[in-house]
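Asker: So here's start_10.csv, just CSV, C-alpha atoms and all ligand atoms:
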chain,number,residue,atom,x,y,z
A,655,MET,CA,5.2,25.6,-2.4
A,656,LYS,CA,6.6,23.3,0.3
A,657,ALA,CA,7.4,19.7,-0.5
A,658,LEU,CA,9.1,16.7,1.2
A,659,GLN,CA,12.0,15.6,-0.9
A,660,TYR,CA,14.4,12.7,-0.9
A,661,ARG,CA,17.5,14.6,-2.2
A,662,THR,CA,20.7,12.7,-1.4
A,663,ILE,CA,21.1,8.9,-1.4
A,664,GLY,CA,21.2,7.6,2.2
A,665,ALA,CA,20.2,11.0,3.7
A,666,PRO,CA,16.9,11.6,5.4
A,667,PRO,CA,14.2,13.4,3.4
A,668,GLU,CA,14.0,17.3,3.7
A,669,VAL,CA,11.2,19.9,3.5
A,670,VAL,CA,12.1,22.3,0.8
A,671,GLY,CA,10.6,25.0,-1.4
A,672,VAL,CA,9.8,24.0,-5.0
A,673,PRO,CA,8.1,25.9,-7.9
A,674,ASP,CA,4.3,25.8,-7.9
A,675,PRO,CA,3.1,23.2,-10.4
A,676,GLU,CA,0.8,24.3,-13.3
A,677,PRO,CA,-1.5,21.8,-15.0
A,678,GLY,CA,-0.8,21.2,-18.6
A,679,PRO,CA,-3.4,20.0,-21.2
A,680,GLY,CA,-5.2,17.0,-19.8
A,681,GLN,CA,-3.7,17.3,-16.3
A,682,VAL,CA,-5.3,18.1,-12.9
A,683,LEU,CA,-3.8,20.1,-10.1
A,684,LEU,CA,-4.8,18.9,-6.6
A,685,LYS,CA,-4.5,20.8,-3.4
A,686,VAL,CA,-3.3,17.9,-1.2
A,687,THR,CA,-5.4,17.3,1.9
A,688,ALA,CA,-3.6,14.2,3.1
A,689,ALA,CA,-0.6,12.0,2.1
A,690,GLY,CA,0.2,8.6,3.4
A,691,VAL,CA,3.6,7.6,4.8
A,692,CYS,CA,4.5,4.1,3.4
A,693,HIS,CA,7.2,1.7,4.4
A,694,SER,CA,8.2,1.2,0.8
A,695,ASP,CA,9.5,4.8,0.8
A,696,ILE,CA,11.9,3.7,3.5
A,697,ALA,CA,13.0,0.8,1.3
A,698,VAL,CA,13.5,3.2,-1.6
A,699,MET,CA,15.7,5.5,0.6
A,700,SER,CA,17.8,2.5,1.6
A,701,TRP,CA,18.7,1.6,-2.0
A,702,PRO,CA,22.3,2.3,-3.1
A,703,THR,CA,23.3,4.8,-5.7
A,704,GLU,CA,24.2,2.1,-8.2
A,705,GLY,CA,21.0,1.1,-10.0
A,706,PHE,CA,18.8,3.7,-8.2
A,707,PRO,CA,15.8,3.8,-10.5
A,708,TYR,CA,14.5,7.4,-10.0
A,709,GLU,CA,15.9,10.9,-10.6
A,710,LEU,CA,16.7,12.9,-7.5
A,711,PRO,CA,15.4,15.1,-5.9
A,712,LEU,CA,12.2,13.1,-5.6
A,713,THR,CA,9.1,14.5,-3.9
A,714,LEU,CA,7.8,11.6,-1.8
A,715,GLY,CA,4.3,10.3,-1.3
A,716,HIS,CA,2.4,7.6,-3.4
A,717,GLU,CA,-0.8,7.8,-1.3
A,718,GLY,CA,-2.7,11.0,-1.9
A,719,VAL,CA,-6.1,12.6,-1.6
A,720,GLY,CA,-7.0,16.2,-2.3
A,721,THR,CA,-9.4,18.7,-3.8
A,722,VAL,CA,-9.2,19.8,-7.4
A,723,ALA,CA,-7.5,23.2,-7.5
A,724,ALA,CA,-7.2,23.7,-11.3
A,725,LEU,CA,-8.0,21.8,-14.5
A,726,GLY,CA,-5.7,21.7,-17.5
A,727,ALA,CA,-7.1,22.3,-21.0
A,728,GLY,CA,-9.5,19.7,-22.2
A,729,VAL,CA,-10.2,18.1,-18.8
A,730,THR,CA,-13.9,17.2,-18.3
A,731,GLY,CA,-15.9,15.4,-15.7
A,732,LEU,CA,-14.3,17.1,-12.7
A,733,ARG,CA,-14.9,20.5,-11.1
A,734,GLU,CA,-12.7,22.7,-8.9
A,735,GLY,CA,-13.2,21.8,-5.2
A,736,ASP,CA,-14.1,18.1,-5.9
A,737,ALA,CA,-12.6,15.8,-3.2
A,738,VAL,CA,-10.8,12.9,-4.8
A,739,ALA,CA,-8.4,10.1,-4.1
A,740,VAL,CA,-5.4,9.4,-6.4
A,741,TYR,CA,-5.0,6.0,-8.1
A,742,GLY,CA,-1.2,5.7,-7.8
A,743,PRO,CA,0.0,3.0,-10.2
A,744,TRP,CA,-0.2,5.1,-13.3
A,745,GLY,CA,0.0,3.4,-16.7
A,746,CYS,CA,-0.4,4.4,-20.4
A,747,GLY,CA,-4.2,4.0,-20.3
A,748,THR,CA,-4.4,2.2,-23.7
A,749,CYS,CA,-2.4,-1.1,-23.6
A,750,ALA,CA,-4.3,-4.4,-23.0
A,751,LYS,CA,-3.7,-4.4,-19.2
A,752,CYS,CA,-4.6,-0.7,-18.8
A,753,ALA,CA,-7.8,-1.4,-20.9
A,754,GLU,CA,-8.8,-3.8,-18.1
A,755,GLY,CA,-8.1,-1.1,-15.5
A,756,LYS,CA,-4.9,-3.0,-14.5
A,757,GLU,CA,-2.6,0.1,-14.8
A,758,ASN,CA,-0.5,-1.4,-12.1
A,759,TYR,CA,0.6,-3.9,-14.8
A,760,CYS,CA,0.8,-1.5,-17.7
A,761,LEU,CA,2.8,-3.1,-20.5
A,762,ARG,CA,4.3,0.1,-21.7
A,763,ALA,CA,5.0,2.1,-18.6
A,764,GLY,CA,8.7,1.2,-18.7
A,765,GLU,CA,9.1,2.0,-22.3
A,766,LEU,CA,7.2,5.3,-22.0
A,767,GLY,CA,8.9,6.4,-18.7
A,768,ILE,CA,5.6,6.5,-16.8
A,769,HIS,CA,6.1,6.4,-13.0
A,770,PRO,CA,3.7,6.7,-10.1
A,771,PRO,CA,3.6,9.9,-8.1
A,772,GLY,CA,6.2,9.7,-5.3
A,773,LEU,CA,7.9,6.8,-7.0
A,774,GLY,CA,9.6,8.5,-9.9
A,775,ARG,CA,7.2,11.4,-10.4
A,776,PRO,CA,6.7,14.2,-7.9
A,777,GLY,CA,4.5,12.8,-5.2
A,778,SER,CA,1.8,13.9,-2.7
A,779,MET,CA,4.0,15.0,0.2
A,780,ALA,CA,3.6,18.6,-1.0
A,781,GLU,CA,1.0,21.4,-0.9
A,782,TYR,CA,0.0,20.6,-4.5
A,783,LEU,CA,0.2,17.5,-6.7
A,784,LEU,CA,0.0,17.3,-10.5
A,785,VAL,CA,-2.1,14.4,-11.7
A,786,ASP,CA,-1.4,13.3,-15.2
A,787,ASP,CA,-5.0,12.3,-16.1
A,788,ALA,CA,-8.5,12.6,-14.7
A,789,ARG,CA,-8.9,8.8,-14.9
A,790,HIS,CA,-6.4,8.5,-12.1
A,791,LEU,CA,-8.8,10.2,-9.7
A,792,VAL,CA,-11.7,8.6,-7.8
A,793,PRO,CA,-14.3,10.7,-5.9
A,794,LEU,CA,-14.1,10.5,-2.1
A,795,ASP,CA,-17.9,10.9,-1.9
A,796,GLY,CA,-18.0,11.8,1.7
A,797,LEU,CA,-15.0,9.8,3.0
A,798,ASP,CA,-12.8,11.6,5.5
A,799,PRO,CA,-9.5,12.4,3.7
A,800,VAL,CA,-7.2,11.3,6.6
A,801,ALA,CA,-9.0,7.9,6.9
A,802,ALA,CA,-9.3,7.5,3.1
A,803,VAL,CA,-5.7,8.3,2.0
A,804,PRO,CA,-4.1,5.0,3.3
A,805,LEU,CA,-6.8,3.1,1.3
A,806,THR,CA,-5.1,4.1,-2.0
A,807,ASP,CA,-2.1,1.8,-1.2
A,808,ALA,CA,-2.4,0.2,2.3
A,809,GLY,CA,-6.0,-0.7,1.4
A,810,LEU,CA,-5.8,-1.3,-2.3
A,811,THR,CA,-2.6,-3.5,-2.2
A,812,PRO,CA,-4.0,-6.1,0.4
A,813,TYR,CA,-7.5,-5.9,-1.3
A,814,HIS,CA,-6.0,-6.9,-4.6
A,815,ALA,CA,-4.0,-9.8,-2.9
A,816,ILE,CA,-7.0,-11.0,-0.9
A,817,LYS,CA,-9.5,-10.8,-3.7
A,818,GLN,CA,-7.5,-13.4,-5.7
A,819,SER,CA,-7.6,-15.9,-2.8
A,820,LEU,CA,-11.3,-15.5,-1.9
A,821,PRO,CA,-12.2,-19.0,-3.4
A,822,LYS,CA,-9.8,-20.6,-0.9
A,823,LEU,CA,-11.2,-18.7,2.1
A,824,GLY,CA,-14.5,-20.4,2.7
A,825,PRO,CA,-16.0,-21.5,6.1
A,826,GLY,CA,-13.5,-23.3,8.3
A,827,SER,CA,-10.5,-21.9,6.5
A,828,THR,CA,-7.6,-19.9,8.0
A,829,ALA,CA,-5.9,-16.8,6.6
A,830,VAL,CA,-2.5,-15.7,8.0
A,831,VAL,CA,-1.4,-12.1,7.9
A,832,ILE,CA,2.3,-11.5,8.5
A,833,GLY,CA,3.0,-8.0,9.6
A,834,SER,CA,0.1,-6.0,11.1
A,835,GLY,CA,1.3,-2.5,10.4
A,836,GLY,CA,0.0,-0.1,7.7
A,837,LEU,CA,-1.1,-2.7,5.1
A,838,GLY,CA,-1.5,-5.7,7.5
A,839,HIS,CA,-4.0,-4.0,9.9
A,840,VAL,CA,-6.2,-3.1,6.9
A,841,ALA,CA,-5.7,-6.7,5.5
A,842,ILE,CA,-7.2,-8.1,8.7
A,843,GLN,CA,-10.3,-5.9,8.4
A,844,LEU,CA,-10.6,-6.8,4.7
A,845,LEU,CA,-10.5,-10.5,5.5
A,846,ARG,CA,-13.1,-10.1,8.2
A,847,ALA,CA,-15.4,-8.1,5.9
A,848,LEU,CA,-15.0,-10.3,2.8
A,849,THR,CA,-14.5,-13.9,4.2
A,850,PRO,CA,-15.7,-16.2,7.0
A,851,ALA,CA,-12.0,-17.3,7.5
A,852,ARG,CA,-10.3,-17.4,10.8
A,853,VAL,CA,-7.7,-14.7,10.8
A,854,VAL,CA,-4.3,-15.2,12.4
A,855,ALA,CA,-2.0,-12.2,12.6
A,856,LEU,CA,1.8,-12.4,13.2
A,857,ASP,CA,4.0,-9.5,14.2
A,858,VAL,CA,7.2,-8.9,16.2
A,859,SER,CA,5.8,-6.7,19.0
A,860,GLU,CA,3.0,-7.0,21.5
A,861,GLU,CA,1.9,-3.4,20.6
A,862,LYS,CA,1.3,-4.5,17.0
A,863,LEU,CA,-0.5,-7.7,18.1
A,864,ARG,CA,-2.8,-5.6,20.2
A,865,LEU,CA,-3.7,-3.5,17.2
A,866,ALA,CA,-4.2,-6.8,15.2
A,867,ARG,CA,-6.7,-8.1,17.8
A,868,GLU,CA,-8.4,-4.7,18.0
A,869,VAL,CA,-9.1,-4.6,14.3
A,870,GLY,CA,-10.5,-8.2,14.2
A,871,ALA,CA,-7.8,-10.8,14.2
A,872,HIS,CA,-9.0,-14.0,15.9
A,873,GLU,CA,-5.5,-15.0,17.0
A,874,ALA,CA,-2.4,-12.9,17.3
A,875,VAL,CA,1.0,-14.7,17.4
A,876,LEU,CA,4.4,-13.3,18.1
A,877,SER,CA,6.4,-13.6,14.8
A,878,ASP,CA,9.5,-15.5,16.0
A,879,ALA,CA,11.2,-18.8,15.3
A,880,ARG,CA,8.2,-20.6,17.0
A,881,ALA,CA,5.5,-18.8,15.0
A,882,ALA,CA,5.1,-21.5,12.3
A,883,ALA,CA,4.6,-24.2,14.9
A,884,ALA,CA,2.0,-22.0,16.7
A,885,VAL,CA,0.0,-21.5,13.5
A,886,ARG,CA,0.2,-25.2,12.8
A,887,GLU,CA,-1.2,-25.8,16.2
A,888,ILE,CA,-4.0,-23.3,15.8
A,889,THR,CA,-5.0,-25.0,12.5
A,890,GLY,CA,-4.9,-28.6,13.9
A,891,GLY,CA,-1.7,-29.3,12.0
A,892,LEU,CA,-3.1,-28.5,8.6
A,893,GLY,CA,-1.8,-25.0,8.0
A,894,ALA,CA,-3.5,-22.0,6.4
A,895,GLU,CA,-5.4,-21.8,3.1
A,896,ALA,CA,-4.0,-18.3,2.4
A,897,VAL,CA,-0.9,-16.6,3.7
A,898,PHE,CA,-0.2,-12.9,3.1
A,899,ASP,CA,3.3,-11.7,4.0
A,900,PHE,CA,3.4,-7.9,4.2
A,901,VAL,CA,7.0,-7.9,5.2
A,902,GLY,CA,8.8,-10.1,2.7
A,903,VAL,CA,12.1,-10.6,4.5
A,904,GLU,CA,14.0,-13.9,4.9
A,905,PRO,CA,12.4,-15.0,8.2
A,906,THR,CA,8.8,-14.0,7.3
A,907,VAL,CA,8.9,-15.6,3.9
A,908,LYS,CA,10.2,-18.8,5.5
A,909,THR,CA,7.3,-18.6,8.0
A,910,ALA,CA,4.9,-18.0,5.2
A,911,GLY,CA,6.0,-21.2,3.4
A,912,ALA,CA,6.0,-23.2,6.7
A,913,VAL,CA,2.4,-22.3,7.6
A,914,ALA,CA,0.9,-23.0,4.2
A,915,ALA,CA,-1.7,-25.8,3.8
A,916,VAL,CA,-2.0,-28.2,0.8
A,917,GLU,CA,-3.2,-26.1,-2.2
A,918,ALA,CA,-2.7,-22.8,-0.2
A,919,ASP,CA,-2.0,-19.4,-1.7
A,920,VAL,CA,1.1,-17.7,-0.4
A,921,THR,CA,1.2,-14.0,-1.4
A,922,LEU,CA,4.4,-12.1,-0.9
A,923,VAL,CA,3.3,-8.4,-0.7
A,924,GLY,CA,6.1,-6.8,1.3
A,925,ILE,CA,9.0,-5.6,-0.7
A,926,GLY,CA,11.7,-7.1,1.6
A,927,GLY,CA,13.1,-8.9,-1.4
A,928,ALA,CA,13.4,-12.4,0.1
A,929,ALA,CA,12.6,-15.5,-2.0
A,930,LEU,CA,10.4,-18.5,-1.3
A,931,PRO,CA,11.8,-21.6,-3.2
A,932,VAL,CA,9.1,-23.5,-5.1
A,933,GLY,CA,9.6,-27.1,-6.2
A,934,PHE,CA,8.5,-30.6,-5.6
A,935,GLY,CA,8.8,-31.4,-1.9
A,936,LEU,CA,9.8,-27.9,-0.9
A,937,LEU,CA,6.2,-26.8,0.0
A,938,PRO,CA,3.0,-28.7,0.6
A,939,PHE,CA,1.4,-30.0,-2.6
A,940,GLU,CA,0.1,-27.4,-5.1
A,941,VAL,CA,0.9,-24.3,-3.1
A,942,SER,CA,0.7,-21.2,-5.3
A,943,VAL,CA,3.2,-18.4,-4.6
A,944,LYS,CA,2.6,-14.9,-6.0
A,945,ALA,CA,4.2,-11.5,-5.7
A,946,PRO,CA,1.6,-8.9,-6.8
A,947,TYR,CA,2.0,-5.2,-7.1
A,948,TRP,CA,-0.6,-2.6,-5.9
A,949,GLY,CA,-4.1,-3.0,-7.5
A,950,THR,CA,-6.5,-2.0,-10.3
A,951,ARG,CA,-8.5,1.1,-10.7
A,952,ALA,CA,-11.7,-0.9,-10.3
A,953,GLU,CA,-10.4,-2.3,-7.0
A,954,LEU,CA,-9.7,1.2,-5.7
A,955,ILE,CA,-13.3,2.1,-6.3
A,956,GLU,CA,-14.4,-1.1,-4.5
A,957,VAL,CA,-12.1,-0.4,-1.5
A,958,LEU,CA,-13.5,3.1,-1.1
A,959,ALA,CA,-17.0,1.7,-1.4
A,960,LEU,CA,-16.2,-0.8,1.4
A,961,ALA,CA,-14.9,2.0,3.6
A,962,ARG,CA,-18.1,4.0,3.0
A,963,SER,CA,-20.1,1.0,4.2
A,964,GLY,CA,-18.3,1.3,7.5
A,965,ALA,CA,-16.3,-2.0,7.2
A,966,LEU,CA,-12.8,-0.4,7.5
A,967,SER,CA,-11.4,1.7,10.3
A,968,VAL,CA,-7.8,2.7,9.4
A,969,HIS,CA,-5.7,3.7,12.4
A,970,THR,CA,-3.9,6.9,11.6
A,971,GLU,CA,-1.4,9.2,13.3
A,972,THR,CA,-1.2,12.7,11.7
A,973,PHE,CA,1.8,15.0,11.1
A,974,SER,CA,2.3,18.4,9.5
A,975,LEU,CA,4.4,18.7,6.4
A,976,ASP,CA,7.2,20.1,8.5
A,977,GLU,CA,7.0,17.1,10.7
A,978,ALA,CA,7.0,14.6,7.8
A,979,PRO,CA,10.7,13.6,8.3
A,980,LEU,CA,9.8,12.7,11.9
A,981,ALA,CA,7.0,10.5,10.6
A,982,TYR,CA,9.5,8.5,8.5
A,983,GLU,CA,11.8,8.3,11.5
A,984,ARG,CA,9.0,6.9,13.7
A,985,LEU,CA,7.9,4.5,11.0
A,986,HIS,CA,11.5,3.3,10.6
A,987,ALA,CA,11.7,2.7,14.3
A,988,GLY,CA,8.4,0.7,14.3
A,989,ALA,CA,6.7,3.3,16.4
A,990,VAL,CA,3.7,4.0,14.2
A,991,ASP,CA,0.4,2.3,15.1
A,992,GLY,CA,-1.4,1.8,11.8
A,993,ARG,CA,-0.6,4.5,9.2
A,994,ALA,CA,1.2,7.8,9.5
A,995,VAL,CA,-0.6,10.5,7.5
A,996,VAL,CA,0.9,13.9,6.5
A,997,LEU,CA,-1.4,17.0,6.3
A,998,PRO,CA,0.4,19.4,3.9
A,999,HIS,CA,-2.0,22.3,4.9
A,1000,GLY,CA,-2.5,21.1,8.5
B,1101,ZN,ZN,3.3,2.0,-0.4
B,1102,ZN,ZN,-0.7,0.6,-20.3
As structure tokens, please, write out the structure in this file.
Answerer:
Amino acid sequence: MKALQYRTIGAPPEVVGVPDPEPGPGQVLLKVTAAGVCHSDIAVMSWPTEGFPYELPLTLGHEGVGTVAALGAGVTGLREGDAVAVYGPWGCGTCAKCAEGKENYCLRAGELGIHPPGLGRPGSMAEYLLVDDARHLVPLDGLDPVAAVPLTDAGLTPYHAIKQSLPKLGPGSTAVVIGSGGLGHVAIQLLRALTPARVVALDVSEEKLRLAREVGAHEAVLSDARAAAAVREITGGLGAEAVFDFVGVEPTVKTAGAVAAVEADVTLVGIGGAALPVGFGLLPFEVSVKAPYWGTRAELIEVLALARSGALSVHTETFSLDEAPLAYERLHAGAVDGRAVVLPHG
């Protein structure tokens, strides 16, 4: 079968032929209908050889939806042809965190060498994907595969972050979304669907700000050195009760801290790697700073339910598997509106 692989450190990914995967006991083989192109793959492909955490070649793609093509021995509860979404942050399934559905925080994944598809294990940018356990699949139940696939990360990750700050986002509150790309443009819609908060979006281009307004941001502010002052002005000098940074680089993290209100939540979601110093006098009183990772199985089920209710409209641009390297190039250049989605059989 064809797969998009990251093969050489620093080189662009390539479409290559790989052996067809066969499901072993307990595994499920999916025919991939859609795979999402995520900015974190670009971060992975920028890491140096020293300390690179995954084996190469690596088939990319940690957002996937497909139809069940074959069941391994002993798999029950699924039938061939079922349309499903893949829950990506695989865990052991039995530790205390996994028992709560928080496989994203599995306590034993490191020790057992368990990796998500596309981030250590062969991912969804291929004609077929091997899923290690049926519990990592959620029925699409009528959702369009292209619109649904970004929800498995670009929907689930902001959903998890926003859900924790819901108590802070009552009437009269403000939520700031930094970066209105793949995750951010879904975050804006989640905030509108789940809270009465005023939503202020920040991004570096007018194009991205246009998308932010289109999907529900009340205010859209250019993310530059003046951004923090602009948000302060919008909030009558008080700042925002919740700030979500989907970029996570030095200037955005600095802005995130600078726009936080007293007792605000600042959530650093983007994997830019920048730090926000916490200490007395460095931020307004009692600001909480968090850096979460992905979301829980239950939350993926909730995000898909929200999409079924019509509350989310993910903007997508589709590419064939042969065009997948181009999708990454365009994302790297900031030229993708919303989420790029690869159709391996399209
Ligand atoms: Zn991602
Ligand atoms: Zn676990």
Asker: Could you tell me, counting all atoms listed in the file, which protein and nucleic acid residues lie no more than 6 Å from ligand ZN 1101 (chain B), written as a count of residues only?
Answerer: 3
Asker: Could you tell me, counting all atoms listed in the file, which protein and nucleic acid residues lie no more than 10 Å from ligand ZN 1102 (chain B), written as number ranges by chain?
Answerer: A: 744-764, 766, 768
Asker: Could you state the separation of atom CA of A:Thr849 and atom CA of A:Val968 in Å, given to one decimal place?
Answerer: 18.6 Å
Asker: Could you check which of A:Glu734, A:Asp798, A:Glu917, A:Glu704 is closest to A:Ala688, using only C-alpha atoms?
Answerer: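 Once distances to A:Ala688 are computed over only C-alpha atoms, the minimum belongs to A:Asp798.
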Asker: I'd like to know which of A:Ser834, A:Thr828, A:Thr970, A:Thr909 is closest to A:Leu805, using all atoms listed in the file.
Answerer: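 Looking only at the distances to A:Leu805, the closest residue turns out to be A:Thr970.
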Asker: Atom CA of A:His716 to atom CA of A:Pro771: how many Å, to one decimal?
Answerer: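 Computed distance, atom CA of A:His716 to atom CA of A:Pro771, equals 5.4 Å.
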Asker: Scan for residues within 6 Å of the point (-10.9, 23.8, -10.6) in the coordinates of the file, using only C-alpha atoms, and reply as a PyMOL selection string.
Answerer: chain A and resi 722-725+733-734
Asker: So the first atom is atom CA of A:Gly924 and the second is atom CA of A:Val698; what is the distance between them in Å, to one decimal place?
Answerer: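 The value is 12.8 Å.
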Asker: So, with all atoms listed in the file as the atoms that count, which of A:Gly774, A:Pro711, A:Pro702, A:Gly735 lies closest to A:Leu683?
Answerer: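 The closest residue to A:Leu683 is A:Gly735.
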Asker: Could you give me, as a list in words, the residues within 7 Å of A:Phe973, counting only C-alpha atoms and dropping anything in the same chain fewer than 2 positions from it?
Answerer: Glu971, Leu975, Glu977, Ala978, Ala981, Val995, Val996 and Leu997 of chain A
Asker: So which one's closest to A:Val854, A:Leu837, A:Ala918, A:Val670, A:Ala881? Using only C-alpha atoms, please.
Answerer: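 Distance minimum relative to A:Val854 lands on A:Ala881.
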Asker: Using all atoms listed in the file, pick whichever of A:Gly949, A:Pro931, A:Pro743, A:Pro707 has the shortest atom-to-atom distance to A:His790.
Answerer: A:Pro743
Asker: Please determine, counting all atoms listed in the file, which residue among A:Thr703, A:Gln681, A:Ser819, A:Thr972 has the shortest atom-to-atom distance to A:Val729.
Answerer: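 Smallest distance to A:Val729 is found for A:Gln681.
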Asker: Name the residues in contact with A:Val853 at a cut-off of 7 Å, using only C-alpha atoms, excluding same-chain residues fewer than 2 positions from it; report them as number ranges by chain.
Answerer: A: 828-830, 842, 851, 855, 871-873
Asker: Could you pull the residues within 12 Å of A:Ser859, counting only C-alpha atoms, minus those fewer than 6 positions along the same chain, as JSON, numbers by chain?
Answerer: {"A": [833, 834, 835, 865, 866, 874, 875, 876, 877, 878, 988, 989, 990, 991]}
Asker: Could you give me, as a tab-separated table (two decimals) with C-alpha atoms, keeping the file's coordinate frame, the residues that sit within 7 Å of (-8.5, 13.2, -1.9) in the file's coordinates, counting all atoms listed in the file?
Answerer:
chain	number	residue	atom	x	y	z
A	687	THR	CA	-5.40	17.30	1.90
A	718	GLY	CA	-2.70	11.00	-1.90
A	719	VAL	CA	-6.10	12.60	-1.60
A	720	GLY	CA	-7.00	16.20	-2.30
A	721	THR	CA	-9.40	18.70	-3.80
A	737	ALA	CA	-12.60	15.80	-3.20
A	738	VAL	CA	-10.80	12.90	-4.80
A	739	ALA	CA	-8.40	10.10	-4.10
A	740	VAL	CA	-5.40	9.40	-6.40
A	794	LEU	CA	-14.10	10.50	-2.10
A	799	PRO	CA	-9.50	12.40	3.70
A	803	VAL	CA	-5.70	8.30	2.00
Asker: Which residues are close to stretch 898-907 of chain A, i.e. within 6 Å by only C-alpha atoms, leaving aside same-chain residues fewer than 4 positions away? Reply as a CSV table (one decimal) with C-alpha atoms, in the coordinates of the input.
Answerer:
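Result saved to out.csv:
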chain,number,residue,atom,x,y,z
A,831,VAL,CA,-1.4,-12.1,7.9
A,832,ILE,CA,2.3,-11.5,8.5
A,833,GLY,CA,3.0,-8.0,9.6
A,921,THR,CA,1.2,-14.0,-1.4
A,922,LEU,CA,4.4,-12.1,-0.9
A,923,VAL,CA,3.3,-8.4,-0.7
A,924,GLY,CA,6.1,-6.8,1.3
A,925,ILE,CA,9.0,-5.6,-0.7
A,926,GLY,CA,11.7,-7.1,1.6
A,928,ALA,CA,13.4,-12.4,0.1
Asker: Find the spatial neighbours of A:Val941, counting all atoms listed in the file, within a cut-off of 12 Å - ignore same-chain residues fewer than 3 positions away - and output them as a list in words.
Answerer: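 That gives Ser819, Lys822, Gly893, Ala894, Glu895, Ala896, Val897, Ala910, Gly911, Ala912, Val913, Ala914, Ala915, Val916, Glu917, Ala918, Asp919, Val920, Thr921, Leu930, Pro931, Val932, Gly933, Phe934, Gly935, Leu936, Leu937, Pro938 and Lys944 of chain A.
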Asker: Missing atoms in stretch 955-966 of chain A need filling: write out N, CA, C and O atoms for it as a tab-separated table (two decimals), keeping the file's coordinate frame.
Answerer:
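Done, and the output landed in selection-v5.tsv:
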chain	number	residue	atom	x	y	z
A	955	ILE	N	-11.92	1.66	-6.47
A	955	ILE	CA	-13.30	2.10	-6.30
A	955	ILE	C	-14.03	1.16	-5.34
A	955	ILE	O	-14.78	1.62	-4.48
A	956	GLU	N	-13.74	-0.14	-5.41
A	956	GLU	CA	-14.40	-1.10	-4.50
A	956	GLU	C	-13.91	-0.89	-3.05
A	956	GLU	O	-14.73	-0.96	-2.12
A	957	VAL	N	-12.62	-0.65	-2.86
A	957	VAL	CA	-12.10	-0.40	-1.50
A	957	VAL	C	-12.76	0.80	-0.87
A	957	VAL	O	-13.16	0.78	0.30
A	958	LEU	N	-12.88	1.87	-1.66
A	958	LEU	CA	-13.50	3.10	-1.10
A	958	LEU	C	-14.98	2.84	-0.81
A	958	LEU	O	-15.51	3.34	0.19
A	959	ALA	N	-15.63	2.03	-1.63
A	959	ALA	CA	-17.00	1.70	-1.40
A	959	ALA	C	-17.17	0.91	-0.07
A	959	ALA	O	-18.07	1.14	0.74
A	960	LEU	N	-16.24	-0.02	0.14
A	960	LEU	CA	-16.20	-0.80	1.40
A	960	LEU	C	-16.04	0.08	2.59
A	960	LEU	O	-16.69	-0.09	3.63
A	961	ALA	N	-15.15	1.06	2.46
A	961	ALA	CA	-14.90	2.00	3.60
A	961	ALA	C	-16.17	2.81	3.85
A	961	ALA	O	-16.52	3.04	5.01
A	962	ARG	N	-16.88	3.21	2.78
A	962	ARG	CA	-18.10	4.00	3.00
A	962	ARG	C	-19.18	3.18	3.69
A	962	ARG	O	-20.02	3.74	4.40
A	963	SER	N	-19.13	1.85	3.53
A	963	SER	CA	-20.10	1.00	4.20
A	963	SER	C	-19.79	0.83	5.70
A	963	SER	O	-20.55	0.22	6.44
A	964	GLY	N	-18.63	1.34	6.11
A	964	GLY	CA	-18.30	1.30	7.50
A	964	GLY	C	-17.44	0.07	7.92
A	964	GLY	O	-17.19	-0.15	9.10
A	965	ALA	N	-17.01	-0.73	6.93
A	965	ALA	CA	-16.30	-2.00	7.20
A	965	ALA	C	-14.84	-1.79	7.60
A	965	ALA	O	-14.21	-2.71	8.12
A	966	LEU	N	-14.28	-0.61	7.31
A	966	LEU	CA	-12.80	-0.40	7.50
A	966	LEU	C	-12.60	0.75	8.47
A	966	LEU	O	-13.18	1.81	8.30
